[in-house]
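J.: This one is my_file-v6.txt, compact mmCIF, C-alpha atoms and all ligand atoms.
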# COMPACT_ATOMS: atom_id res chain seq x y z
CA MET A 20 -22.27 -52.42 45.30
CA LYS A 21 -21.74 -48.65 45.07
CA LYS A 22 -22.67 -48.22 48.74
CA ASP A 23 -19.77 -50.48 49.63
CA LYS A 24 -17.08 -48.53 47.77
CA LEU A 25 -14.37 -47.64 50.25
CA ALA A 26 -14.04 -43.96 51.16
CA LEU A 27 -10.33 -44.44 50.39
CA PHE A 28 -11.39 -44.90 46.73
CA GLY A 29 -14.04 -42.16 46.64
CA GLY A 30 -17.01 -43.89 48.32
CA ASN A 31 -19.08 -42.35 51.11
CA LYS A 32 -17.47 -42.49 54.51
CA ILE A 33 -19.27 -44.21 57.36
CA ILE A 34 -18.30 -41.91 60.23
CA LYS A 35 -19.21 -38.38 59.21
CA LYS A 36 -18.40 -36.62 62.49
CA PRO A 37 -15.26 -37.23 64.56
CA PHE A 38 -16.00 -39.01 67.86
CA LYS A 39 -16.52 -36.77 70.84
CA LYS A 40 -13.32 -36.05 72.78
CA TYR A 41 -13.01 -37.63 76.17
CA ASN A 42 -13.59 -35.02 78.88
CA THR A 43 -13.83 -35.95 82.53
CA ILE A 44 -13.55 -32.45 83.92
CA GLY A 45 -16.82 -30.86 85.08
CA GLU A 46 -18.50 -28.64 87.67
CA GLU A 47 -17.09 -30.72 90.54
CA GLU A 48 -13.51 -29.94 89.54
CA LEU A 49 -14.37 -26.30 88.84
CA ASN A 50 -15.85 -25.87 92.32
CA ALA A 51 -12.94 -27.61 93.98
CA VAL A 52 -10.40 -25.44 92.15
CA THR A 53 -12.35 -22.26 92.93
CA LYS A 54 -12.21 -23.05 96.64
CA VAL A 55 -8.43 -23.53 96.53
CA ILE A 56 -7.93 -20.31 94.59
CA LYS A 57 -10.13 -18.36 97.01
CA LYS A 58 -8.00 -19.63 99.86
CA GLY A 59 -4.88 -18.52 98.01
CA ILE A 60 -2.63 -21.39 99.07
CA LEU A 61 -1.68 -23.10 95.82
CA SER A 62 1.07 -25.20 97.39
CA LYS A 63 2.12 -25.61 100.98
CA TYR A 64 5.29 -27.64 100.56
CA LEU A 65 8.53 -26.62 102.19
CA ALA A 66 11.88 -28.29 101.50
CA ARG A 67 12.62 -28.84 105.16
CA TRP A 68 11.70 -31.32 107.85
CA GLY A 69 8.45 -30.28 109.57
CA ASP A 70 4.70 -30.18 109.00
CA ASP A 71 4.91 -28.83 105.46
CA PHE A 72 7.48 -31.34 104.22
CA GLU A 73 4.58 -33.53 103.04
CA GLY A 74 2.55 -30.75 101.38
CA GLY A 75 -0.74 -29.00 102.06
CA PRO A 76 -4.27 -30.19 102.97
CA LYS A 77 -5.42 -31.07 99.44
CA VAL A 78 -2.25 -33.08 98.76
CA LYS A 79 -2.73 -35.00 102.00
CA THR A 80 -6.46 -35.64 101.43
CA PHE A 81 -5.86 -36.77 97.85
CA GLU A 82 -3.18 -39.23 98.98
CA LYS A 83 -5.33 -40.57 101.83
CA GLU A 84 -8.29 -41.15 99.54
CA TRP A 85 -6.08 -42.79 96.91
CA ALA A 86 -4.60 -45.14 99.52
CA ASN A 87 -8.11 -46.07 100.73
CA TYR A 88 -9.42 -46.72 97.22
CA PHE A 89 -6.42 -48.80 96.13
CA LYS A 90 -6.19 -50.57 99.53
CA VAL A 91 -2.54 -49.72 99.98
CA LYS A 92 -0.60 -48.38 102.98
CA HIS A 93 1.03 -45.36 101.30
CA ALA A 94 -0.05 -43.23 98.34
CA ILE A 95 2.41 -40.45 97.48
CA SER A 96 1.55 -37.82 94.90
CA VAL A 97 4.04 -36.42 92.39
CA ASN A 98 3.91 -33.83 89.63
CA SER A 99 4.10 -36.47 86.87
CA TRP A 100 4.40 -40.23 86.67
CA THR A 101 7.81 -39.73 85.06
CA SER A 102 8.81 -38.09 88.37
CA GLY A 103 7.16 -41.00 90.18
CA LEU A 104 9.25 -43.53 88.27
CA VAL A 105 12.43 -41.59 89.10
CA CYS A 106 11.46 -41.67 92.80
CA ALA A 107 10.67 -45.39 92.58
CA VAL A 108 14.00 -46.40 91.05
CA GLY A 109 15.93 -44.27 93.56
CA ALA A 110 13.94 -45.51 96.56
CA ILE A 111 14.54 -49.22 95.98
CA GLY A 112 18.25 -48.66 96.55
CA ILE A 113 19.69 -48.94 93.05
CA GLU A 114 23.47 -48.49 92.62
CA PRO A 115 25.03 -47.00 89.47
CA GLY A 116 25.59 -49.81 86.97
CA ASP A 117 22.85 -52.07 88.39
CA GLU A 118 20.67 -53.60 85.71
CA ILE A 119 16.88 -53.26 85.65
CA ILE A 120 14.82 -55.42 83.30
CA LEU A 121 11.83 -53.83 81.55
CA PRO A 122 9.77 -54.32 78.39
CA PRO A 123 10.31 -52.22 75.26
CA TRP A 124 6.52 -51.93 74.66
CA THR A 125 6.12 -48.89 76.88
CA MET A 126 6.56 -45.15 77.01
CA SER A 127 10.18 -44.01 77.02
CA ALA A 128 9.84 -42.58 80.56
CA SER A 129 9.99 -46.10 82.05
CA ALA A 130 13.52 -46.55 80.71
CA MET A 131 14.61 -42.95 81.34
CA ALA A 132 13.85 -43.29 85.07
CA ILE A 133 16.38 -46.14 85.16
CA LEU A 134 19.03 -44.15 83.30
CA HIS A 135 18.35 -41.20 85.61
CA TRP A 136 20.15 -43.10 88.42
CA ASN A 137 22.91 -44.32 86.08
CA ALA A 138 21.45 -47.78 86.15
CA ILE A 139 21.31 -49.87 82.98
CA PRO A 140 18.03 -50.76 81.25
CA VAL A 141 17.88 -54.34 79.91
CA PHE A 142 14.96 -55.14 77.65
CA ALA A 143 12.93 -58.34 77.92
CA ASP A 144 10.32 -59.32 75.35
CA ILE A 145 6.54 -59.13 75.75
CA GLU A 146 3.71 -61.65 75.66
CA LYS A 147 2.03 -61.86 72.26
CA GLU A 148 -1.52 -61.65 73.55
CA THR A 149 -1.34 -59.21 76.47
CA TYR A 150 1.65 -57.05 75.35
CA CYS A 151 2.96 -57.12 78.94
CA ILE A 152 6.49 -58.22 79.84
CA ASP A 153 6.99 -61.98 79.40
CA PRO A 154 8.17 -63.73 82.60
CA VAL A 155 10.10 -66.28 80.50
CA SER A 156 12.06 -63.51 78.80
CA ILE A 157 12.65 -61.79 82.16
CA GLU A 158 14.36 -64.90 83.49
CA LYS A 159 16.49 -65.24 80.35
CA ASN A 160 17.75 -61.67 80.80
CA ILE A 161 18.78 -61.93 84.44
CA SER A 162 22.52 -61.46 84.97
CA GLU A 163 24.65 -61.24 88.10
CA TYR A 164 24.12 -57.45 87.91
CA THR A 165 20.30 -57.48 87.78
CA LYS A 166 18.74 -55.70 90.77
CA ALA A 167 15.15 -55.09 89.76
CA ILE A 168 12.33 -55.71 87.31
CA MET A 169 10.20 -52.83 86.05
CA VAL A 170 6.86 -54.24 85.01
CA VAL A 171 4.60 -52.17 82.73
CA ASP A 172 0.86 -52.88 82.93
CA ILE A 173 0.42 -51.74 79.40
CA GLY A 174 -2.81 -50.75 77.71
CA GLY A 175 -5.01 -51.33 80.76
CA GLN A 176 -4.30 -54.72 82.33
CA SER A 177 -1.81 -56.26 84.71
CA ALA A 178 1.34 -58.13 83.84
CA ASP A 179 1.55 -61.67 85.19
CA MET A 180 2.52 -60.62 88.71
CA ASN A 181 2.36 -64.04 90.40
CA LYS A 182 5.01 -65.38 88.05
CA ILE A 183 7.03 -62.16 88.13
CA ASN A 184 7.04 -61.92 91.92
CA LYS A 185 8.13 -65.57 92.09
CA ILE A 186 11.10 -64.80 89.82
CA ALA A 187 11.91 -61.71 91.89
CA LYS A 188 11.95 -63.78 95.07
CA LYS A 189 14.12 -66.49 93.50
CA TYR A 190 16.79 -63.98 92.39
CA ASN A 191 16.32 -61.46 95.22
CA LEU A 192 15.16 -58.63 92.95
CA LYS A 193 12.97 -55.62 93.65
CA VAL A 194 9.86 -55.03 91.52
CA ILE A 195 8.48 -51.70 90.28
CA CYS A 196 5.07 -51.53 88.55
CA ASP A 197 4.56 -48.84 85.95
CA THR A 198 0.77 -48.89 86.00
CA ALA A 199 0.40 -45.54 84.22
CA GLN A 200 -2.22 -46.99 81.88
CA ALA A 201 -4.14 -49.35 84.16
CA PRO A 202 -5.54 -47.55 87.22
CA GLY A 203 -8.32 -49.61 88.75
CA SER A 204 -7.67 -52.85 86.86
CA LEU A 205 -7.63 -55.95 89.06
CA TYR A 206 -5.26 -58.90 89.25
CA PHE A 207 -6.77 -61.74 91.30
CA LYS A 208 -9.04 -59.14 92.99
CA LYS A 209 -6.13 -56.87 93.97
CA PHE A 210 -5.41 -53.53 92.36
CA THR A 211 -2.84 -53.60 89.57
CA GLY A 212 0.14 -51.52 90.64
CA THR A 213 -0.10 -52.51 94.31
CA LEU A 214 1.50 -55.93 93.92
CA ALA A 215 5.09 -54.77 93.67
CA ASP A 216 7.59 -53.17 96.08
CA VAL A 217 6.47 -49.88 94.57
CA GLY A 218 4.02 -49.00 91.81
CA GLY A 219 2.07 -46.09 90.55
CA TYR A 220 -0.09 -44.29 88.05
CA SER A 221 0.02 -41.39 85.64
CA LEU A 222 -2.43 -38.51 85.99
CA ASN A 223 -1.55 -36.82 82.72
CA TYR A 224 -4.27 -35.39 80.50
CA HIS A 225 -4.67 -38.55 78.39
CA LYS A 226 -5.34 -40.98 81.22
CA HIS A 227 -8.59 -42.40 82.67
CA ILE A 228 -8.52 -39.70 85.32
CA HIS A 229 -6.16 -36.76 85.33
CA THR A 230 -4.94 -33.61 86.98
CA GLY A 231 -3.47 -32.12 83.80
CA GLU A 232 -0.06 -33.45 84.77
CA GLY A 233 0.52 -35.61 87.82
CA GLY A 234 1.19 -39.04 89.19
CA MET A 235 0.64 -41.22 92.26
CA LEU A 236 3.08 -43.69 93.80
CA VAL A 237 1.86 -46.61 95.93
CA THR A 238 3.73 -48.91 98.31
CA ASN A 239 3.13 -51.00 101.41
CA ASP A 240 6.75 -50.60 102.53
CA ASP A 241 7.32 -47.88 105.18
CA ASN A 242 10.99 -47.40 104.39
CA ILE A 243 10.42 -47.13 100.63
CA ALA A 244 7.60 -44.64 101.33
CA LYS A 245 9.95 -42.47 103.37
CA LYS A 246 12.53 -42.46 100.57
CA LEU A 247 9.92 -41.69 97.92
CA LYS A 248 8.81 -38.64 99.90
CA LEU A 249 12.40 -37.51 100.34
CA ILE A 250 13.31 -37.83 96.67
CA ARG A 251 10.08 -35.95 95.84
CA ASN A 252 11.03 -33.03 98.03
CA HIS A 253 14.73 -32.12 98.18
CA ALA A 254 16.00 -35.11 100.19
CA GLU A 255 19.52 -33.70 100.55
CA ALA A 256 18.19 -30.67 102.46
CA VAL A 257 15.89 -32.70 104.72
CA VAL A 258 17.62 -35.94 105.79
CA GLY A 259 19.86 -34.26 108.38
CA ASP A 260 17.08 -32.65 110.44
CA MET A 261 14.87 -35.66 109.89
CA GLY A 262 17.54 -37.93 111.33
CA PHE A 263 17.46 -40.24 108.34
CA ASN A 264 20.84 -41.92 108.08
CA ASP A 265 20.56 -44.02 104.92
CA LEU A 266 21.92 -41.53 102.41
CA SER A 267 21.81 -43.79 99.35
CA ASN A 268 20.09 -41.95 96.49
CA MET A 269 19.01 -39.11 98.76
CA ILE A 270 19.39 -36.64 95.92
CA GLY A 271 16.13 -34.77 95.92
CA HIS A 272 14.02 -32.96 93.39
CA ASN A 273 10.98 -30.79 93.27
CA PHE A 274 8.44 -33.38 92.14
CA ARG A 275 5.64 -31.90 94.25
CA LEU A 276 2.00 -31.82 93.11
CA GLY A 277 0.18 -28.55 93.85
CA GLU A 278 -3.04 -27.94 95.81
CA ILE A 279 -5.04 -27.12 92.66
CA GLU A 280 -4.08 -30.36 90.96
CA SER A 281 -4.72 -32.32 94.15
CA SER A 282 -8.18 -30.79 94.55
CA ILE A 283 -8.95 -31.87 90.98
CA GLY A 284 -7.53 -35.33 91.72
CA ILE A 285 -9.88 -35.78 94.70
CA GLU A 286 -12.88 -35.19 92.41
CA GLN A 287 -11.46 -37.30 89.59
CA LEU A 288 -10.89 -40.29 91.86
CA LYS A 289 -14.61 -40.30 92.70
CA LYS A 290 -15.30 -40.77 88.97
CA LEU A 291 -12.85 -43.62 88.36
CA ASP A 292 -15.33 -46.50 88.88
CA TYR A 293 -17.80 -44.98 86.44
CA LEU A 294 -15.12 -44.18 83.86
CA ILE A 295 -13.77 -47.73 84.00
CA LYS A 296 -17.28 -49.13 83.49
CA GLU A 297 -17.64 -46.84 80.48
CA ARG A 298 -14.35 -48.11 78.95
CA GLN A 299 -15.51 -51.67 79.58
CA ARG A 300 -18.91 -51.00 77.99
CA ILE A 301 -17.27 -49.62 74.86
CA ALA A 302 -14.78 -52.49 74.68
CA LYS A 303 -17.44 -55.16 75.15
CA ARG A 304 -19.60 -53.75 72.37
CA LEU A 305 -16.57 -53.43 70.09
CA ILE A 306 -15.48 -57.00 70.81
CA ASP A 307 -19.00 -58.35 70.20
CA GLY A 308 -19.25 -56.40 66.96
CA LEU A 309 -15.81 -57.22 65.58
CA LYS A 310 -15.36 -60.80 66.74
CA ASP A 311 -16.37 -62.41 63.47
CA LEU A 312 -13.87 -60.51 61.31
CA ASP A 313 -11.44 -63.10 60.07
CA GLY A 314 -7.83 -62.18 60.74
CA LEU A 315 -8.55 -59.44 63.29
CA ASN A 316 -7.36 -60.45 66.77
CA LEU A 317 -9.10 -58.55 69.56
CA PRO A 318 -7.86 -57.75 73.09
CA LYS A 319 -7.38 -60.79 75.31
CA ILE A 320 -7.99 -60.37 79.02
CA ARG A 321 -5.67 -62.24 81.35
CA LYS A 322 -7.43 -64.91 83.44
CA ASN A 323 -8.64 -63.68 86.84
CA CYS A 324 -7.98 -60.06 85.82
CA THR A 325 -9.97 -57.07 84.66
CA HIS A 326 -9.02 -54.74 81.82
CA VAL A 327 -9.63 -50.97 81.99
CA TYR A 328 -8.92 -50.32 78.28
CA TYR A 329 -6.64 -47.35 78.10
CA MET A 330 -5.89 -48.82 74.71
CA PHE A 331 -7.83 -51.29 72.57
CA PHE A 332 -4.99 -53.41 71.21
CA MET A 333 -5.66 -55.38 68.02
CA THR A 334 -3.44 -57.42 65.74
CA LEU A 335 -3.79 -58.70 62.22
CA ASP A 336 -3.37 -62.37 61.42
CA LEU A 337 -1.51 -61.84 58.15
CA GLU A 338 -2.31 -65.30 56.83
CA LYS A 339 -6.03 -64.72 57.09
CA ILE A 340 -6.37 -61.29 55.51
CA LYS A 341 -5.91 -62.39 51.92
CA GLY A 342 -2.68 -60.53 51.26
CA ALA A 343 -4.09 -57.15 52.33
CA LYS A 344 -1.47 -54.73 53.65
CA ARG A 345 -1.64 -53.35 57.18
CA ASP A 346 -0.89 -49.80 56.01
CA LYS A 347 -3.69 -49.91 53.45
CA ILE A 348 -6.18 -51.32 55.97
CA PHE A 349 -5.21 -48.50 58.33
CA HIS A 350 -5.65 -45.82 55.66
CA ALA A 351 -8.97 -47.33 54.59
CA LEU A 352 -10.25 -47.23 58.20
CA VAL A 353 -9.07 -43.64 58.64
CA ALA A 354 -10.74 -42.68 55.37
CA GLU A 355 -14.02 -44.15 56.71
CA GLY A 356 -13.74 -41.53 59.46
CA LEU A 357 -12.13 -43.50 62.27
CA ASN A 358 -9.88 -41.37 64.42
CA GLY A 359 -7.68 -42.55 67.27
CA LEU A 360 -6.10 -45.47 65.41
CA SER A 361 -2.37 -46.02 65.37
CA LEU A 362 -0.07 -48.54 63.71
CA LYS A 363 2.94 -48.14 65.89
CA PHE A 364 3.68 -48.60 69.53
CA ALA A 365 7.01 -47.87 71.11
CA ASN A 366 9.87 -50.31 70.80
CA VAL A 367 11.92 -48.28 73.27
CA HIS A 368 15.14 -50.30 72.79
CA LEU A 369 15.28 -49.03 69.20
CA LEU A 370 15.35 -45.34 70.14
CA PRO A 371 18.57 -43.49 69.18
CA ILE A 372 19.62 -43.17 72.84
CA PHE A 373 19.99 -46.98 73.01
CA GLN A 374 21.11 -47.60 69.44
CA LYS A 375 23.93 -45.07 69.84
CA LYS A 376 24.38 -45.79 73.57
CA GLN A 377 24.70 -42.13 74.31
CA ALA A 378 22.86 -40.67 77.33
CA TYR A 379 24.87 -38.42 79.64
CA GLY A 380 27.35 -36.19 77.80
CA SER A 381 28.85 -37.19 74.48
CA LYS A 382 31.11 -40.09 75.43
CA GLY A 383 28.61 -42.90 75.91
CA PHE A 384 28.05 -42.68 79.64
CA PRO A 385 26.90 -44.87 81.41
CA TRP A 386 27.51 -47.78 79.00
CA ASN A 387 31.04 -46.75 78.08
CA SER A 388 32.22 -46.40 81.67
CA GLU A 389 33.57 -48.52 84.50
CA ILE A 390 30.13 -48.72 86.19
CA ASN A 391 28.76 -50.81 83.33
CA LYS A 392 30.08 -54.31 83.86
CA ARG A 393 29.15 -56.07 80.61
CA GLU A 394 28.18 -55.45 77.01
CA ILE A 395 24.44 -54.77 76.78
CA ASN A 396 22.71 -55.64 73.52
CA TYR A 397 20.02 -53.28 72.21
CA ASN A 398 20.13 -54.55 68.63
CA LYS A 399 17.02 -55.24 66.62
CA GLY A 400 16.19 -58.88 67.20
CA ILE A 401 16.43 -58.94 71.00
CA CYS A 402 12.65 -58.58 71.44
CA PRO A 403 11.17 -60.44 68.46
CA VAL A 404 7.55 -60.36 69.65
CA ALA A 405 7.51 -56.60 70.37
CA GLU A 406 9.36 -55.86 67.13
CA SER A 407 7.17 -58.03 64.96
CA LEU A 408 3.96 -56.57 66.41
CA HIS A 409 5.29 -53.08 65.79
CA ASP A 410 6.56 -53.82 62.27
CA LYS A 411 3.83 -56.12 60.96
CA ASN A 412 0.71 -56.90 62.95
CA TYR A 413 -0.35 -54.19 65.37
CA ILE A 414 -3.31 -51.83 65.10
CA GLY A 415 -4.29 -49.93 68.24
CA PHE A 416 -7.29 -47.82 69.08
CA GLN A 417 -6.72 -45.14 71.70
CA MET A 418 -9.87 -45.73 73.70
CA CYS A 419 -9.21 -43.11 76.32
CA MET A 420 -9.33 -40.36 73.70
CA HIS A 421 -13.05 -40.74 73.12
CA GLN A 422 -16.38 -40.74 74.90
CA MET A 423 -18.43 -42.97 72.61
CA SER A 424 -22.17 -43.58 72.42
CA ASN A 425 -23.49 -47.00 71.36
CA HIS A 426 -24.37 -45.47 67.98
CA GLU A 427 -20.77 -44.31 67.50
CA ILE A 428 -19.40 -47.69 68.49
CA ASP A 429 -21.71 -49.32 65.97
CA LEU A 430 -20.46 -46.93 63.28
CA MET A 431 -16.91 -47.94 64.14
CA ILE A 432 -17.90 -51.59 63.80
CA SER A 433 -19.56 -50.85 60.44
CA ALA A 434 -16.38 -49.14 59.23
CA PHE A 435 -14.30 -52.21 60.12
CA LYS A 436 -16.82 -54.53 58.49
CA LYS A 437 -16.85 -52.46 55.30
CA VAL A 438 -13.07 -52.50 55.12
CA TRP A 439 -13.04 -56.25 55.74
CA ARG A 440 -15.52 -56.80 52.87
CA ASN A 441 -13.07 -54.95 50.65
CA LEU A 442 -9.79 -56.54 51.78
CA GLU A 443 -9.11 -57.79 48.26
CA PHE A 444 -8.65 -54.15 47.13
CA LEU A 445 -6.11 -53.41 49.85
CA LYS A 446 -3.20 -55.58 48.67
C1 LIG B 501 3.51 -46.64 80.49
C2 LIG B 501 3.81 -45.21 80.83
N1 LIG B 501 4.83 -44.93 81.65
C3 LIG B 501 5.15 -43.66 82.01
C4 LIG B 501 4.42 -42.59 81.54
C5 LIG B 501 4.79 -41.21 81.94
O1 LIG B 501 3.76 -40.61 82.65
P1 LIG B 501 3.64 -39.01 82.75
O2 LIG B 501 3.22 -38.49 81.41
O3 LIG B 501 2.60 -38.78 83.81
O4 LIG B 501 4.97 -38.49 83.17
C6 LIG B 501 3.35 -42.82 80.67
C7 LIG B 501 2.57 -41.70 80.11
O5 LIG B 501 1.91 -41.77 79.13
C8 LIG B 501 3.03 -44.16 80.31
O6 LIG B 501 2.01 -44.43 79.49
Is it possible to express this structure as C-alpha cells?
Ligand SMILES: Cc1ncc(COP(=O)(O)O)c(C=O)c1O
T.:
Amino acid sequence: MKKDKLALFGGNKIIKKPFKKYNTIGEEELNAVTKVIKKGILSKYLARWGDDFEGGPKVKTFEKEWANYFKVKHAISVNSWTSGLVCAVGAIGIEPGDEIILPPWTMSASAMAILHWNAIPVFADIEKETYCIDPVSIEKNISEYTKAIMVVDIGGQSADMNKINKIAKKYNLKVICDTAQAPGSLYFKKFTGTLADVGGYSLNYHKHIHTGEGGMLVTNDDNIAKKLKLIRNHAEAVVGDMGFNDLSNMIGHNFRLGEIESSIGIEQLKKLDYLIKERQRIAKRLIDGLKDLDGLNLPKIRKNCTHVYYMFFMTLDLEKIKGAKRDKIFHALVAEGLNGLSLKFANVHLLPIFQKKQAYGSKGFPWNSEINKREINYNKGICPVAESLHDKNYIGFQMCMHQMSNHEIDLMISAFKKVWRNLEFLK
C-alpha cells in the first residue's frame, strides 16, 4: 500500500504541522504582573529578622493559597525547585557524610541538592512500571550512615509512600519528596508531595503551571518550616536576632521568589485543576488509541492514585516487536511528524560527577575524604531496571510540551499505528 509507506522511507507524513506549544500564560497573568509593576515593589524581602524576612504581599498570598490548595500547614516559595531541594536537605538536619537514598531516574538537581551539603547520594533502583523509586531497593541500600530517603514522584504520579514511610519509620530516616513533576496528583486522596517530612514542586517553564523559574516547598512540621525559610533568606544573618539557637545548616542563600513571579503563580494555581484534567484527557485518549499495539507498554497508574502526566512514559516489549529496533521506531515516529518524543531519561548515577567521584575541587571531595565512611558504588549495574529502560526499552512523550486537540491526538495515534504496521522494515 503506497499510502502506508513510512515517511522515514519517503512516504507522506501523518502529522503535517507540529503540535501547538503548551502555553498557560494569558490575560490573567498579564493583569497581575501589570499591577505589581505599577506598584513598583518587585521584591520586599530583607535579609534580617522582621516583617520583611518572609517577603512581600504577593509572596505571602501565593504561599497561603498554595497551602490551602494542597491542604498543608506550610507552603514556602523559592526561586527554583533546585533551591527548594537544597533548603529541604539542609532543613532536615543532615550532617556532612550522611547518606541519602534516591533514584537515578530523575533530574540531576535531586542529587546535587544532597551533594550541596556534603552528604552522599546513594542510588536505589526504580519500579519497572511506575519508574518511581522501588521500596525493596531502598531497604537493600540502607547502611548505618543512611539518614534520609529522597523520593522522586517522577513523570506525574506518586511513589509508593505508604511503604516508603514505613521503611523510614523502621530505620528512623527523614523523607523528602521531589514532586517537581507531579503537582496535584493524589496518593490515597492526599496530595503527592505532602506525605513526607518535606516536599515540593518546580515552577519552571516546562511544568504544569509555572512562574518562569520558581518552586514551592511544603511541610507540616513547624521547625522544618522555620529552617526552610532561614536557608531561603540568609540564615546566618538572621538567626541571632530571631533567637533561633539550632545553628545546624544555618548557612543561608538568596533563594527568594519575587513579587512578579508570585503574582503569576497566584493566577497559575487557579488553572491547575483545569490543566490536570486536560493532561488526563489527552492521556486517556492516547491510551485508548494505542492499547492494542502489540509490544507497546503504556503508562500504568498506581492503585488508589491519580496521574497528572507531566510525561507519558512508554516502553517496548522487545520480544513482541518482531526484531524492530527502538532507534528505528523512534526515527520512524519522528519522521511521521511526532515531536516531543525522547529515547533517554536520566540515569543520574552514570553522570561524570559520580563516575569520576569528583564534585568539590579536584581531589574527589566528598568521597575521598574522612567524612565519607565507606566505599560507595556508582558503577553501571547498580540500578538494573533504570539502566535497562534507558538503554533498551524506554520511549517517552513529553506531554507537558503540547496543548493537543482530539484531532491531533488521533493523528499521533495514527502515526504510531502506521509505524506498528511497518515494524518489519525497522529491524
Ligand atoms: C524531578 C525534578 N527535580 C528537580 C528539578 C529542578 O527544578 P527547577 O528547574 O525548578 O530547579 C526538576 C526540573 O525539571 C525535576 O524535574
J.: Find the residues near ligand LIG 501 (chain B). Use a cut-off of 7 Å, count all atoms listed in the file, and write them as a list in words.
T.: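 Sorted by chain and then by number, the residues are Ser99, Trp100, Thr101, Ser102, Thr125, Met126, Ala128, Ser129, Val171, Ile173, Asp197, Thr198, Ala199, Gln200, Ser221, Leu222, Asn223, Glu232, Gly233 and Gly234 of chain A.
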J.: With all atoms listed in the file as the basis for distance, which of A:Lys166, A:Arg275, A:Lys58, A:His229 is at the shortest distance from Lys79 in chain A?
T.: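 Among A:Lys166, A:Arg275, A:Lys58, A:His229, it is A:Arg275 that comes nearest to Lys79 in chain A.
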J.: Using only C-alpha atoms, pick whichever of A:Thr325, A:Leu357, A:Ala405, A:Leu362 has the shortest atom-to-atom distance to Pro37 in chain A.
T.: A:Leu357
J.: Show me, as a PyMOL selection string, the residues that have an atom within 12 Å of Asn264 in chain A when counting all atoms listed in the file, minus same-chain residues fewer than 2 positions from it.
T.: chain A and resi 242+245-246+254-255+257-262+266-269
J.: Include C-alpha atoms and write out the residues we just selected as a PDB file, keeping the file's coordinate frame.
T.:
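The new file part.pdb reads:
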ATOM      1  CA  ASN A 242      10.990 -47.400 104.390  1.00  0.00           C
ATOM      2  CA  LYS A 245       9.950 -42.470 103.370  1.00  0.00           C
ATOM      3  CA  LYS A 246      12.530 -42.460 100.570  1.00  0.00           C
ATOM      4  CA  ALA A 254      16.000 -35.110 100.190  1.00  0.00           C
ATOM      5  CA  GLU A 255      19.520 -33.700 100.550  1.00  0.00           C
ATOM      6  CA  VAL A 257      15.890 -32.700 104.720  1.00  0.00           C
ATOM      7  CA  VAL A 258      17.620 -35.940 105.790  1.00  0.00           C
ATOM      8  CA  GLY A 259      19.860 -34.260 108.380  1.00  0.00           C
ATOM      9  CA  ASP A 260      17.080 -32.650 110.440  1.00  0.00           C
ATOM     10  CA  MET A 261      14.870 -35.660 109.890  1.00  0.00           C
ATOM     11  CA  GLY A 262      17.540 -37.930 111.330  1.00  0.00           C
ATOM     12  CA  LEU A 266      21.920 -41.530 102.410  1.00  0.00           C
ATOM     13  CA  SER A 267      21.810 -43.790  99.350  1.00  0.00           C
ATOM     14  CA  ASN A 268      20.090 -41.950  96.490  1.00  0.00           C
ATOM     15  CA  MET A 269      19.010 -39.110  98.760  1.00  0.00           C
TER      16      MET A 269
END
J.: Extract, using only C-alpha atoms, all DNA, RNA and protein residues at most 10 Å from Glu297 in chain A, discarding same-chain residues fewer than 2 positions from it, and format them as a VMD selection string.
T.: chain A and resid 291 to 295 299 to 303 327 to 328 422 to 424
J.: May I have the residues within 12 Å of Lys437 in chain A as a list in words, using only C-alpha atoms and disregarding those fewer than 6 positions away in the same chain?
T.: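 Counting only the stated atoms, we get Met20, Lys21, Lys22, Asp23, Lys24, Leu25, Ala26, Leu27, Gly30, Asn31, Lys32, Ile33, Ile34, Leu309, Leu312, Ile348, Ala351, Leu352, Ala354, Glu355, Leu430, Met431, Glu443 and Phe444 of chain A.
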J.: Scan for residues within 12 Å of the point (-15.0, -26.1, 91.9) in the coordinates of the file, using all atoms listed in the file, and reply as a list in words.
T.: Ile44, Gly45, Glu46, Glu47, Glu48, Leu49, Asn50, Ala51, Val52, Thr53, Lys54, Val55, Ile56, Lys57, Ile279, Glu280, Ser282, Ile283, Gly284, Ile285, Glu286 and Gln287 of chain A
J.: Take the selection from the previous step and output its residues with C-alpha atoms, as a compact mmCIF listing (two decimals), in the frame of the given file.
T.:
# COMPACT_ATOMS: atom_id res chain seq x y z
CA ILE A 44 -13.55 -32.45 83.92
CA GLY A 45 -16.82 -30.86 85.08
CA GLU A 46 -18.50 -28.64 87.67
CA GLU A 47 -17.09 -30.72 90.54
CA GLU A 48 -13.51 -29.94 89.54
CA LEU A 49 -14.37 -26.30 88.84
CA ASN A 50 -15.85 -25.87 92.32
CA ALA A 51 -12.94 -27.61 93.98
CA VAL A 52 -10.40 -25.44 92.15
CA THR A 53 -12.35 -22.26 92.93
CA LYS A 54 -12.21 -23.05 96.64
CA VAL A 55 -8.43 -23.53 96.53
CA ILE A 56 -7.93 -20.31 94.59
CA LYS A 57 -10.13 -18.36 97.01
CA ILE A 279 -5.04 -27.12 92.66
CA GLU A 280 -4.08 -30.36 90.96
CA SER A 282 -8.18 -30.79 94.55
CA ILE A 283 -8.95 -31.87 90.98
CA GLY A 284 -7.53 -35.33 91.72
CA ILE A 285 -9.88 -35.78 94.70
CA GLU A 286 -12.88 -35.19 92.41
CA GLN A 287 -11.46 -37.30 89.59
J.: Considering all atoms listed in the file, tabulate each residue of range 210-320 of chain A that lies at most 10 Å from range 179-186 of chain A along with its nearest interatomic pair and the corresponding distance in Å to one decimal; arrange the rows by chain and ascending residue number and present them as a Markdown table.
T.:
| residue | atom | partner | partner_atom | distance |
| --- | --- | --- | --- | --- |
| A:Thr211 | CA | A:Met180 | CA | 8.9 |
| A:Gly212 | CA | A:Met180 | CA | 9.6 |
| A:Leu214 | CA | A:Met180 | CA | 7.1 |
| A:Ala215 | CA | A:Asn184 | CA | 7.6 |
| A:Asp216 | CA | A:Asn184 | CA | 9.7 |
J.: Counting only C-alpha atoms, which of A:Leu445, A:Cys324, A:Val438, A:Leu104 gets nearest to Lys209 in chain A?
T.: A:Cys324
J.: From the options A:Arg304, A:Lys399, A:Lys193, A:Lys344, which residue's atoms come nearest to Lys446 in chain A, counting all atoms listed in the file?
T.: A:Lys344
J.: As JSON, numbers by chain, please: the residues near Pro318 in chain A (cut-off 10 Å, all atoms listed in the file, same-chain neighbours under 6 positions excluded).
T.: {"A": [148, 149, 150, 174, 302, 306, 326, 328, 330, 331, 332, 333, 334, 415]}
